[in-house]
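Peer 1: mmCIF, C-alpha atoms, file work05.cif:
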data_run
#
loop_
_atom_site.label_atom_id
_atom_site.label_comp_id
_atom_site.auth_asym_id
_atom_site.auth_seq_id
_atom_site.Cartn_x
_atom_site.Cartn_y
_atom_site.Cartn_z
CA THR S 537 0.00 0.00 0.00
CA THR S 538 2.81 2.39 0.90
CA ASN S 539 4.56 1.71 -2.42
CA PHE S 540 1.32 2.37 -4.31
CA LEU S 541 0.77 5.66 -2.49
CA ALA S 542 4.38 6.72 -3.11
CA THR S 543 3.99 5.94 -6.82
CA LEU S 544 0.73 7.88 -6.93
CA SER S 545 2.31 10.90 -5.26
CA ARG S 546 5.25 10.88 -7.70
CA THR S 547 2.80 10.71 -10.62
CA LEU S 548 0.86 13.69 -9.32
CA LEU S 549 4.03 15.67 -8.73
CA ARG S 550 4.98 15.28 -12.37
CA LYS S 551 1.72 16.97 -13.36
CA VAL S 552 2.34 20.39 -11.87
CA VAL S 553 1.17 22.51 -14.79
CA LEU S 554 -0.78 25.31 -13.16
CA PRO S 555 1.12 28.09 -11.37
CA VAL S 556 -0.42 28.91 -8.00
CA PRO S 557 -1.50 32.56 -8.04
CA ALA S 558 -0.37 34.86 -5.23
CA PHE S 559 -1.60 38.28 -4.10
CA PRO S 560 -3.38 40.10 -5.64
CA LEU S 561 -4.38 37.53 -8.25
CA ASN S 562 -5.65 35.07 -5.65
CA ILE S 563 -7.96 37.77 -4.24
CA ILE S 564 -9.30 38.52 -7.72
CA LEU S 565 -9.89 34.84 -8.45
CA LEU S 566 -11.58 34.34 -5.07
CA LEU S 567 -13.97 37.22 -5.72
CA LEU S 568 -14.63 35.98 -9.25
CA TRP S 569 -15.33 32.42 -8.07
CA SER S 570 -17.65 33.68 -5.30
CA THR S 571 -19.56 35.96 -7.67
CA VAL S 572 -20.02 33.33 -10.38
CA LEU S 573 -21.13 30.75 -7.83
CA TYR S 574 -23.68 33.12 -6.28
CA LEU S 575 -25.07 34.18 -9.67
CA LEU S 576 -25.38 30.54 -10.74
CA TRP S 577 -27.26 29.79 -7.56
CA ARG S 578 -29.63 32.73 -8.02
CA SER S 579 -30.33 32.26 -11.73
CA ARG S 580 -29.66 28.57 -12.48
CA LYS S 581 -30.70 26.91 -9.24
CA ASN S 582 -32.45 24.07 -11.08
CA SER S 583 -29.78 23.53 -13.72
CA ARG S 584 -28.15 20.13 -14.14
CA ILE S 585 -24.76 21.21 -12.82
CA ILE S 586 -26.20 22.78 -9.65
CA ARG S 587 -28.34 19.70 -9.01
CA PHE S 588 -25.25 17.51 -9.38
CA LEU S 589 -23.14 19.65 -7.05
CA LEU S 590 -25.89 19.40 -4.43
CA SER S 591 -26.40 15.68 -4.91
CA PRO S 592 -25.24 12.98 -2.47
CA ALA S 593 -22.83 11.74 -5.16
CA ALA S 594 -20.95 15.06 -5.16
CA THR S 595 -20.87 15.16 -1.37
CA TYR S 596 -19.60 11.60 -0.98
CA SER S 597 -17.03 11.95 -3.75
CA SER S 598 -15.65 15.19 -2.32
CA ILE S 599 -15.34 13.68 1.15
CA GLY S 600 -13.82 10.48 -0.26
CA LEU S 601 -11.24 12.34 -2.33
CA PHE S 602 -10.38 14.49 0.67
CA LEU S 603 -9.69 11.38 2.76
CA VAL S 604 -7.59 9.83 -0.02
CA ILE S 605 -5.46 12.97 -0.38
CA CYS S 606 -4.95 13.17 3.40
CA LEU S 607 -3.95 9.51 3.41
CA VAL S 608 -1.47 9.95 0.57
CA ILE S 609 0.13 13.03 2.14
CA GLY S 610 0.15 11.50 5.62
CA MET S 611 1.71 8.17 4.61
CA THR S 612 4.23 9.50 2.10
CA GLY S 613 5.08 12.85 3.70
CA ARG S 614 4.88 14.54 0.29
CA ARG S 615 3.41 17.89 1.31
CA GLU S 616 4.41 19.30 -2.04
CA LEU S 617 1.33 17.51 -3.40
CA THR S 618 -0.63 20.54 -2.26
CA GLY S 619 0.98 22.46 -5.13
CA THR S 620 -0.24 20.09 -7.86
CA TRP S 621 -3.12 20.76 -10.22
CA PRO S 622 -5.16 17.68 -9.07
CA PHE S 623 -5.09 19.00 -5.51
CA ALA S 624 -6.01 22.53 -6.63
CA ILE S 625 -8.94 21.28 -8.73
CA PHE S 626 -10.21 19.03 -5.96
CA MET S 627 -10.07 21.74 -3.31
CA LEU S 628 -12.00 24.11 -5.58
CA PHE S 629 -14.59 21.37 -6.15
CA PHE S 630 -14.82 20.72 -2.40
CA GLN S 631 -15.33 24.41 -1.62
CA THR S 632 -17.93 24.76 -4.40
CA VAL S 633 -19.99 21.88 -3.04
CA LEU S 634 -19.73 23.22 0.51
CA ALA S 635 -20.65 26.78 -0.50
CA LEU S 636 -23.74 25.59 -2.37
CA VAL S 637 -24.80 23.52 0.62
CA VAL S 638 -24.58 26.68 2.75
CA LEU S 639 -26.59 28.72 0.22
CA ARG S 640 -29.27 26.05 0.12
CA GLY S 641 -29.59 25.33 3.81
CA TRP S 642 -28.78 28.44 5.85
CA LYS S 643 -32.49 29.06 6.56
CA ARG S 644 -35.23 26.73 7.71
CA GLY S 645 -38.58 26.49 5.99
CA ASP S 646 -40.11 29.00 8.39
CA GLY S 647 -37.44 31.59 7.55
CA ARG S 648 -35.43 31.27 10.75
CA ILE S 649 -31.62 31.10 10.54
CA ARG S 650 -29.95 27.78 11.25
CA TRP S 651 -27.16 29.06 13.46
CA ARG S 652 -25.52 25.74 14.28
CA PHE S 653 -25.61 24.74 10.65
CA LEU S 654 -23.99 28.05 9.68
CA LEU S 655 -21.28 27.86 12.33
CA LEU S 656 -20.29 24.33 11.33
CA HIS S 657 -20.45 24.72 7.56
CA ILE S 658 -19.20 28.30 7.21
CA GLY S 659 -16.49 27.52 9.76
CA LEU S 660 -15.29 24.60 7.62
CA LEU S 661 -15.55 26.68 4.44
CA THR S 662 -13.61 29.53 6.08
CA ALA S 663 -10.86 27.27 7.42
CA VAL S 664 -10.41 25.45 4.12
CA GLY S 665 -10.83 28.60 2.03
CA PHE S 666 -8.27 30.69 3.89
CA ALA S 667 -5.78 27.83 3.81
CA TYR S 668 -6.37 27.25 0.07
CA TRP S 669 -6.49 30.82 -1.24
CA GLY S 670 -3.86 32.08 1.20
CA ALA S 671 -1.30 29.32 0.63
CA PRO S 672 0.45 31.17 -2.26
CA ASP S 673 1.14 34.12 0.06
CA SER S 674 2.76 31.91 2.71
CA ARG S 675 6.51 31.47 2.63
CA THR S 676 9.34 30.34 4.84
CA MET S 677 12.63 32.24 4.75
CA ARG S 678 15.96 31.90 6.47
CA VAL S 679 18.54 34.52 7.33
CA GLN S 680 22.00 34.19 8.84
CA VAL S 681 22.74 36.97 11.31
CA TYR S 682 26.17 37.88 12.69
CA LYS S 683 27.13 39.80 15.79
CA GLY S 684 27.02 43.55 15.26
CA VAL S 685 26.16 43.31 11.55
CA PRO S 686 22.67 44.43 10.43
CA VAL S 687 21.08 42.07 7.91
CA SER S 688 17.96 42.61 5.81
CA GLU S 689 18.44 39.88 3.20
CA ALA S 690 16.64 36.57 3.60
CA TYR S 691 16.33 33.50 1.38
CA THR S 692 13.31 31.33 0.66
CA MET S 693 13.52 27.54 0.76
CA GLU S 694 13.80 27.66 -3.04
CA GLY S 695 16.87 29.91 -2.82
CA LYS S 696 15.20 33.16 -3.88
CA THR S 697 16.32 36.42 -2.27
CA VAL S 698 13.79 38.43 -0.26
CA TRP S 699 14.58 41.90 1.09
CA LEU S 700 13.07 42.51 4.51
CA ASP S 701 11.61 45.85 5.57
CA TYR S 702 13.46 45.57 8.89
CA SER S 703 17.00 44.73 9.94
CA LEU S 704 18.25 41.93 12.22
CA ILE S 705 21.39 42.09 14.37
CA LEU S 706 22.74 39.34 16.62
CA GLU S 707 23.87 40.77 19.96
CA ASP S 708 24.67 37.58 21.87
CA PHE S 709 24.13 33.84 21.91
CA THR S 710 24.20 31.58 24.98
CA VAL S 711 24.05 27.84 25.54
CA SER S 712 22.99 26.07 28.73
CA TYR S 713 24.24 22.56 29.48
CA GLY S 714 22.59 19.78 31.44
CA ASP S 715 24.10 17.50 34.06
CA ASP S 716 25.21 15.10 31.34
CA GLY S 717 27.23 17.83 29.64
CA GLN S 718 24.91 18.04 26.63
CA PRO S 719 23.38 21.34 25.43
CA SER S 720 19.90 21.74 26.90
CA ASP S 721 18.89 25.29 25.99
CA TYR S 722 19.83 27.85 23.34
CA ARG S 723 19.10 31.56 23.51
CA ALA S 724 19.79 34.22 20.90
CA TYR S 725 19.57 37.91 21.75
CA VAL S 726 18.62 39.75 18.58
CA LYS S 727 17.68 43.29 17.66
CA VAL S 728 14.77 43.73 15.25
CA ASP S 729 15.43 47.28 14.10
CA ASP S 730 15.80 48.97 17.51
CA GLU S 731 13.85 46.43 19.57
CA ALA S 732 15.86 43.87 21.57
CA ILE S 733 14.29 40.41 21.75
CA GLU S 734 15.19 36.98 23.08
CA LEU S 735 14.75 33.89 20.92
CA ARG S 736 14.66 30.27 22.07
CA VAL S 737 14.11 27.07 20.12
CA ASN S 738 10.36 26.58 19.52
CA HIS S 739 9.60 29.95 21.13
CA PRO S 740 8.97 32.33 18.20
CA TYR S 741 8.77 36.09 18.28
CA SER S 742 5.87 37.76 16.44
CA ILE S 743 7.26 40.49 14.19
CA ARG S 744 3.81 41.44 12.97
CA MET S 745 0.47 39.75 12.47
CA GLY S 746 1.07 36.63 10.40
CA GLU S 747 4.89 36.78 10.54
CA ASP S 748 6.96 34.98 13.19
CA LEU S 749 10.70 34.75 13.83
CA TYR S 750 12.23 31.44 14.98
CA LEU S 751 15.68 30.39 16.15
CA SER S 752 16.62 27.68 13.67
CA GLY S 753 20.40 27.13 13.76
CA TYR S 754 23.56 28.34 15.46
CA ASP S 755 27.33 28.36 15.41
CA LEU S 756 28.27 26.42 18.53
CA ALA S 757 31.99 26.61 17.88
CA ASP S 758 32.55 30.37 17.89
CA LYS S 759 29.00 31.70 18.53
CA ARG S 760 29.57 34.26 15.77
CA TYR S 761 26.23 33.80 14.08
CA CYS S 762 22.86 32.09 14.27
CA ILE S 763 20.31 31.14 11.64
CA LEU S 764 16.83 32.56 11.99
CA GLN S 765 13.70 31.33 10.24
CA ILE S 766 10.92 33.70 9.22
CA VAL S 767 7.48 32.18 8.70
CA HIS S 768 5.13 34.49 6.79
CA GLU S 769 1.48 33.32 6.87
CA PRO S 770 -0.82 36.36 6.48
CA TRP S 771 -4.00 34.29 6.02
CA ARG S 772 -3.62 31.95 8.98
CA TYR S 773 -5.83 33.90 11.38
CA GLY S 774 -8.76 33.47 9.01
CA ALA S 775 -8.21 29.71 9.12
CA PHE S 776 -8.04 29.88 12.93
CA ALA S 777 -11.33 31.79 12.95
CA GLY S 778 -12.92 29.05 10.85
CA VAL S 779 -11.76 26.38 13.29
CA LEU S 780 -13.16 28.38 16.22
CA MET S 781 -16.51 28.68 14.41
CA MET S 782 -16.63 24.91 13.94
CA LEU S 783 -15.80 24.33 17.60
CA LEU S 784 -18.54 26.75 18.66
CA GLY S 785 -21.03 25.07 16.33
CA ALA S 786 -20.08 21.63 17.67
CA PHE S 787 -20.42 22.91 21.24
CA LEU S 788 -23.90 24.28 20.55
CA LEU S 789 -24.86 21.05 18.84
CA PHE S 790 -23.70 19.10 21.89
CA LEU S 791 -25.31 21.53 24.34
CA GLN S 792 -28.74 21.71 22.71
CA GLY S 793 -28.88 18.35 21.01
CA PRO S 794 -30.59 17.63 17.67
CA ARG S 795 -34.16 18.79 17.23
CA ARG S 796 -36.59 15.92 16.78
CA ASN S 797 -39.23 17.88 14.91
CA SER S 798 -38.53 17.32 11.21
CA SER S 799 -39.98 20.74 10.37
CA SER S 800 -37.38 22.51 12.48
CA ILE S 801 -34.25 20.43 12.13
CA ASP S 802 -31.25 22.72 11.80
CA ASP S 803 -28.42 20.22 12.08
#
For this file, produce the structure as C-alpha cells.
Peer 2:
Amino acid sequence: TTNFLATLSRTLLRKVVLPVPAFPLNIILLLLWSTVLYLLWRSRKNSRIIRFLLSPAATYSSIGLFLVICLVIGMTGRRELTGTWPFAIFMLFFQTVLALVVLRGWKRGDGRIRWRFLLLHIGLLTAVGFAYWGAPDSRTMRVQVYKGVPVSEAYTMEGKTVWLDYSLILEDFTVSYGDDGQPSDYRAYVKVDDEAIELRVNHPYSIRMGEDLYLSGYDLADKRYCILQIVHEPWRYGAFAGVLMMLLGAFLLFLQGPRRNSSSIDD
C-alpha cells in the first residue's frame, strides 16, 4: 500500500502545470469564483450542474477524495502535493460543493436562521478557504545573522532572495548545558530594528500579524552567528477563525442536542 501511495504521489508531482496565483491575483480569483457561484445559484438553481453539485454523489465523492489525499500526504510525507493541479482542482470542487450547501440550507422552511448549521459549515468553508487561497502568500525564509552586523536579506527555501523591511542584528548567543554535559537550551539575543528580543528554540517572536521569527540554527563553535527562520502566513488567522466557528457550532450542537421535529431540524 505504501509503495502504491508513493507511486501515486510521484505521478501527481509530475503533473504540476498550473502556477499557484499569489496576491493580488488570488484575491481577484476568489472574488470571481464567489460571484459566479452566487449568480449561478440565483439564476440557475435548477440547472443540471447545480443539481449535481448538491447531490449525495458530489458530497460523498468530495469527502472520499479528501480522505484519499490526506492519506497519501500523511503516509508519504509529500506535502508538495498541495501544489499540484489535481489538488487545486479538488479543493476548488470541495469548496464549491460546501458553499452551495450553505446557500441552500442556511435558513429553515419557516425563515429562521440555522445558526448551528452556519457555524459548522461556514467555519469549515472559512478554514479550508483561507488555507487554500492564502497558501500562495505563505513562505518560509531563512537569514544568517552575525554579531554587530545588520542584515535585511533573507532567502526562501527555493533559494530566492527576499529583502526585509526591517533589519536583524545578533547581539549575543548563549548555551545552557545539562548534568550530562549536553546542550539543553539555546538563547539568541537579537535586535529587530531597535527592539531587543530573546529567541529560544520553539519559542517564536511575532514580528507582525502573520509573521513569526524562529531560532533555527547556530554556530556552537565560535558563537559568531545564528540562523533565523521567518514564517510568513498572512491568512492563517482566518483559518483559525474558521476552526473556532466549527468548535462553537459543535459545542452548541452538543449543548442543545438535535431537534426531533422534522420541520425545524437545523443540524
Peer 1: Contacts of Leu704 in chain S at 12 Å or less, counting only C-alpha atoms, minus same-chain residues fewer than 2 places along, as a count of residues only?
Peer 2: 37
Peer 1: Please work out which residues fall within 9 Å of (-17.4, 20.6, -1.1), coordinates as given in the file, with only C-alpha atoms counting, and return them as a ChimeraX atom specification.
Peer 2: /S:589,594-595,598-599,626-637,661
Peer 1: In Å, with one decimal, what is the gap from CA of Tyr773 in chain S to CA of Glu747 in chain S?
Peer 2: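 According to the coordinates, CA of Tyr773 in chain S and CA of Glu747 in chain S are separated by 11.1 Å.
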Peer 1: Pick out the closest residue to Arg652 in chain S from this set: S:Met693, S:Met782, S:Leu573, S:Cys606. Count all atoms listed in the file.
Peer 2: S:Met782
Peer 1: Between CA of His657 in chain S and CA of Phe602 in chain S, what is the distance, to one decimal in Å?
Peer 2: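 That distance, rounded to one decimal, is 15.9 Å.
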Peer 1: Can you turn the PyMOL selection byres ((chain S and resi 745) around 10) into a concrete residue list for this file, as a list in words?
Peer 2: Ser742, Ile743, Arg744, Gly746, Glu747, Asp748, His768, Glu769, Pro770, Trp771, Arg772 and Tyr773 of chain S
Peer 1: For those residues, write C-alpha atoms to a file as a PDB file, in the frame of the given file.
Peer 2:
ATOM      1  CA  SER S 742       5.870  37.760  16.440  1.00  0.00           C
ATOM      2  CA  ILE S 743       7.260  40.490  14.190  1.00  0.00           C
ATOM      3  CA  ARG S 744       3.810  41.440  12.970  1.00  0.00           C
ATOM      4  CA  GLY S 746       1.070  36.630  10.400  1.00  0.00           C
ATOM      5  CA  GLU S 747       4.890  36.780  10.540  1.00  0.00           C
ATOM      6  CA  ASP S 748       6.960  34.980  13.190  1.00  0.00           C
ATOM      7  CA  HIS S 768       5.130  34.490   6.790  1.00  0.00           C
ATOM      8  CA  GLU S 769       1.480  33.320   6.870  1.00  0.00           C
ATOM      9  CA  PRO S 770      -0.820  36.360   6.480  1.00  0.00           C
ATOM     10  CA  TRP S 771      -4.000  34.290   6.020  1.00  0.00           C
ATOM     11  CA  ARG S 772      -3.620  31.950   8.980  1.00  0.00           C
ATOM     12  CA  TYR S 773      -5.830  33.900  11.380  1.00  0.00           C
TER      13      TYR S 773
END
Peer 1: Step by step, work through what the PyMOL selection byres ((chain S and resi 575-579) around 12) selects in the shown file, and finish by giving those residues as an mmCIF file with C-alpha atoms, in the frame of the given file.
Peer 2:
data_model
loop_
_atom_site.group_PDB
_atom_site.id
_atom_site.type_symbol
_atom_site.label_atom_id
_atom_site.label_comp_id
_atom_site.auth_asym_id
_atom_site.auth_seq_id
_atom_site.Cartn_x
_atom_site.Cartn_y
_atom_site.Cartn_z
ATOM 1 C CA LEU S 568 -14.630 35.980 -9.250
ATOM 2 C CA TRP S 569 -15.330 32.420 -8.070
ATOM 3 C CA SER S 570 -17.650 33.680 -5.300
ATOM 4 C CA THR S 571 -19.560 35.960 -7.670
ATOM 5 C CA VAL S 572 -20.020 33.330 -10.380
ATOM 6 C CA LEU S 573 -21.130 30.750 -7.830
ATOM 7 C CA TYR S 574 -23.680 33.120 -6.280
ATOM 8 C CA ARG S 580 -29.660 28.570 -12.480
ATOM 9 C CA LYS S 581 -30.700 26.910 -9.240
ATOM 10 C CA ASN S 582 -32.450 24.070 -11.080
ATOM 11 C CA SER S 583 -29.780 23.530 -13.720
ATOM 12 C CA ARG S 584 -28.150 20.130 -14.140
ATOM 13 C CA ILE S 585 -24.760 21.210 -12.820
ATOM 14 C CA ILE S 586 -26.200 22.780 -9.650
ATOM 15 C CA ARG S 587 -28.340 19.700 -9.010
ATOM 16 C CA LEU S 589 -23.140 19.650 -7.050
ATOM 17 C CA LEU S 590 -25.890 19.400 -4.430
ATOM 18 C CA THR S 632 -17.930 24.760 -4.400
ATOM 19 C CA VAL S 633 -19.990 21.880 -3.040
ATOM 20 C CA ALA S 635 -20.650 26.780 -0.500
ATOM 21 C CA LEU S 636 -23.740 25.590 -2.370
ATOM 22 C CA VAL S 637 -24.800 23.520 0.620
ATOM 23 C CA VAL S 638 -24.580 26.680 2.750
ATOM 24 C CA LEU S 639 -26.590 28.720 0.220
ATOM 25 C CA ARG S 640 -29.270 26.050 0.120
#
Peer 1: Just to confirm, what's the straight-line distance from CA of Val698 in chain S to CA of Leu751 in chain S in Å (one decimal)?
Peer 2: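 Separating CA of Val698 in chain S from CA of Leu751 in chain S is a distance of 18.4 Å.
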Peer 1: Would you write out, as a list in words, every residue that the PyMOL selection byres ((chain S and resi 785) around 12) captures in this file?
Peer 2: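 Evaluating the PyMOL selection byres ((chain S and resi 785) around 12) on this file yields Arg650, Trp651, Arg652, Phe653, Leu654, Leu655, Leu656, His657, Ile658, Gly659, Leu660, Gly778, Val779, Leu780, Met781, Met782, Leu783, Leu784, Ala786, Phe787, Leu788, Leu789, Phe790, Leu791, Gln792, Gly793, Asp802 and Asp803 of chain S.
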Peer 1: Hey, can you spit out that residue selection with C-alpha atoms as a compact mmCIF listing (two decimals), in the coordinates of the input?
Peer 2:
# COMPACT_ATOMS: atom_id res chain seq x y z
CA ARG S 650 -29.95 27.78 11.25
CA TRP S 651 -27.16 29.06 13.46
CA ARG S 652 -25.52 25.74 14.28
CA PHE S 653 -25.61 24.74 10.65
CA LEU S 654 -23.99 28.05 9.68
CA LEU S 655 -21.28 27.86 12.33
CA LEU S 656 -20.29 24.33 11.33
CA HIS S 657 -20.45 24.72 7.56
CA ILE S 658 -19.20 28.30 7.21
CA GLY S 659 -16.49 27.52 9.76
CA LEU S 660 -15.29 24.60 7.62
CA GLY S 778 -12.92 29.05 10.85
CA VAL S 779 -11.76 26.38 13.29
CA LEU S 780 -13.16 28.38 16.22
CA MET S 781 -16.51 28.68 14.41
CA MET S 782 -16.63 24.91 13.94
CA LEU S 783 -15.80 24.33 17.60
CA LEU S 784 -18.54 26.75 18.66
CA ALA S 786 -20.08 21.63 17.67
CA PHE S 787 -20.42 22.91 21.24
CA LEU S 788 -23.90 24.28 20.55
CA LEU S 789 -24.86 21.05 18.84
CA PHE S 790 -23.70 19.10 21.89
CA LEU S 791 -25.31 21.53 24.34
CA GLN S 792 -28.74 21.71 22.71
CA GLY S 793 -28.88 18.35 21.01
CA ASP S 802 -31.25 22.72 11.80
CA ASP S 803 -28.42 20.22 12.08
Peer 1: Considering only C-alpha atoms, state which residue in the set S:Val767, S:Val608, S:Leu561, S:Leu567 is at the smallest distance from Ser674 in chain S.
Peer 2: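 Using only C-alpha atoms, the shortest distance to Ser674 in chain S belongs to S:Val767.
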Peer 1: Measuring between all atoms listed in the file, which one of S:Gly645, S:Pro719, S:Gly670, S:Gly600 shows the shortest distance to Leu565 in chain S?
Peer 2: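 Closest candidate: S:Gly670.
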Peer 1: Could you work out an axis-aligned box for range 632-636 of chain S, taking every atom the file lists and adding 3 Å on each side, and report centre and edge lengths in Å to one decimal, as AutoDock Vina command-line options?
Peer 2:
--center_x -20.8 --center_y 24.3 --center_z -1.9 --size_x 11.8 --size_y 10.9 --size_z 10.9
Peer 1: Output range 695-713 of chain S as a PDB file, in the coordinates of the input, making sure N, CA, C and O atoms are there.
Peer 2:
ATOM      1  N   GLY S 695      15.643  29.192  -2.535  1.00  0.00           N
ATOM      2  CA  GLY S 695      16.870  29.910  -2.820  1.00  0.00           C
ATOM      3  C   GLY S 695      16.677  31.313  -3.361  1.00  0.00           C
ATOM      4  O   GLY S 695      17.655  31.961  -3.739  1.00  0.00           O
ATOM      5  N   LYS S 696      15.447  31.815  -3.380  1.00  0.00           N
ATOM      6  CA  LYS S 696      15.200  33.160  -3.880  1.00  0.00           C
ATOM      7  C   LYS S 696      15.485  34.200  -2.793  1.00  0.00           C
ATOM      8  O   LYS S 696      15.234  33.969  -1.610  1.00  0.00           O
ATOM      9  N   THR S 697      15.994  35.349  -3.209  1.00  0.00           N
ATOM     10  CA  THR S 697      16.320  36.420  -2.270  1.00  0.00           C
ATOM     11  C   THR S 697      15.094  37.268  -1.977  1.00  0.00           C
ATOM     12  O   THR S 697      14.347  37.630  -2.880  1.00  0.00           O
ATOM     13  N   VAL S 698      14.882  37.574  -0.696  1.00  0.00           N
ATOM     14  CA  VAL S 698      13.790  38.430  -0.260  1.00  0.00           C
ATOM     15  C   VAL S 698      14.367  39.524   0.636  1.00  0.00           C
ATOM     16  O   VAL S 698      15.092  39.230   1.597  1.00  0.00           O
ATOM     17  N   TRP S 699      14.086  40.779   0.288  1.00  0.00           N
ATOM     18  CA  TRP S 699      14.580  41.900   1.090  1.00  0.00           C
ATOM     19  C   TRP S 699      13.548  42.241   2.147  1.00  0.00           C
ATOM     20  O   TRP S 699      12.385  42.515   1.839  1.00  0.00           O
ATOM     21  N   LEU S 700      13.956  42.227   3.396  1.00  0.00           N
ATOM     22  CA  LEU S 700      13.070  42.510   4.510  1.00  0.00           C
ATOM     23  C   LEU S 700      12.942  44.012   4.710  1.00  0.00           C
ATOM     24  O   LEU S 700      13.855  44.773   4.381  1.00  0.00           O
ATOM     25  N   ASP S 701      11.799  44.435   5.272  1.00  0.00           N
ATOM     26  CA  ASP S 701      11.610  45.850   5.570  1.00  0.00           C
ATOM     27  C   ASP S 701      12.047  46.187   6.993  1.00  0.00           C
ATOM     28  O   ASP S 701      11.631  47.192   7.568  1.00  0.00           O
ATOM     29  N   TYR S 702      12.862  45.341   7.579  1.00  0.00           N
ATOM     30  CA  TYR S 702      13.460  45.570   8.890  1.00  0.00           C
ATOM     31  C   TYR S 702      14.842  44.918   8.893  1.00  0.00           C
ATOM     32  O   TYR S 702      15.153  44.083   8.035  1.00  0.00           O
ATOM     33  N   SER S 703      15.659  45.296   9.849  1.00  0.00           N
ATOM     34  CA  SER S 703      17.000  44.730   9.940  1.00  0.00           C
ATOM     35  C   SER S 703      17.121  43.856  11.180  1.00  0.00           C
ATOM     36  O   SER S 703      16.437  44.074  12.185  1.00  0.00           O
ATOM     37  N   LEU S 704      18.007  42.861  11.116  1.00  0.00           N
ATOM     38  CA  LEU S 704      18.250  41.930  12.220  1.00  0.00           C
ATOM     39  C   LEU S 704      19.729  41.979  12.584  1.00  0.00           C
ATOM     40  O   LEU S 704      20.597  41.932  11.703  1.00  0.00           O
ATOM     41  N   ILE S 705      20.009  42.064  13.878  1.00  0.00           N
ATOM     42  CA  ILE S 705      21.390  42.090  14.370  1.00  0.00           C
ATOM     43  C   ILE S 705      21.489  41.125  15.545  1.00  0.00           C
ATOM     44  O   ILE S 705      20.673  41.169  16.472  1.00  0.00           O
ATOM     45  N   LEU S 706      22.482  40.238  15.503  1.00  0.00           N
ATOM     46  CA  LEU S 706      22.740  39.340  16.620  1.00  0.00           C
ATOM     47  C   LEU S 706      23.606  40.054  17.648  1.00  0.00           C
ATOM     48  O   LEU S 706      24.692  40.541  17.336  1.00  0.00           O
ATOM     49  N   GLU S 707      23.106  40.130  18.888  1.00  0.00           N
ATOM     50  CA  GLU S 707      23.870  40.770  19.960  1.00  0.00           C
ATOM     51  C   GLU S 707      24.631  39.742  20.798  1.00  0.00           C
ATOM     52  O   GLU S 707      25.761  39.983  21.212  1.00  0.00           O
ATOM     53  N   ASP S 708      23.996  38.600  21.071  1.00  0.00           N
ATOM     54  CA  ASP S 708      24.670  37.580  21.870  1.00  0.00           C
ATOM     55  C   ASP S 708      23.967  36.247  21.673  1.00  0.00           C
ATOM     56  O   ASP S 708      22.824  36.198  21.195  1.00  0.00           O
ATOM     57  N   PHE S 709      24.676  35.183  22.045  1.00  0.00           N
ATOM     58  CA  PHE S 709      24.130  33.840  21.910  1.00  0.00           C
ATOM     59  C   PHE S 709      24.668  33.004  23.066  1.00  0.00           C
ATOM     60  O   PHE S 709      25.878  32.973  23.313  1.00  0.00           O
ATOM     61  N   THR S 710      23.788  32.365  23.815  1.00  0.00           N
ATOM     62  CA  THR S 710      24.200  31.580  24.980  1.00  0.00           C
ATOM     63  C   THR S 710      23.688  30.155  24.881  1.00  0.00           C
ATOM     64  O   THR S 710      22.647  29.894  24.256  1.00  0.00           O
ATOM     65  N   VAL S 711      24.412  29.247  25.511  1.00  0.00           N
ATOM     66  CA  VAL S 711      24.050  27.840  25.540  1.00  0.00           C
ATOM     67  C   VAL S 711      24.086  27.368  26.984  1.00  0.00           C
ATOM     68  O   VAL S 711      25.049  27.627  27.710  1.00  0.00           O
ATOM     69  N   SER S 712      23.022  26.675  27.403  1.00  0.00           N
ATOM     70  CA  SER S 712      22.990  26.070  28.730  1.00  0.00           C
ATOM     71  C   SER S 712      23.181  24.566  28.589  1.00  0.00           C
ATOM     72  O   SER S 712      22.670  23.947  27.646  1.00  0.00           O
ATOM     73  N   TYR S 713      23.918  23.985  29.535  1.00  0.00           N
ATOM     74  CA  TYR S 713      24.240  22.560  29.480  1.00  0.00           C
ATOM     75  C   TYR S 713      23.601  21.838  30.658  1.00  0.00           C
ATOM     76  O   TYR S 713      23.512  22.368  31.776  1.00  0.00           O
TER      77      TYR S 713
END
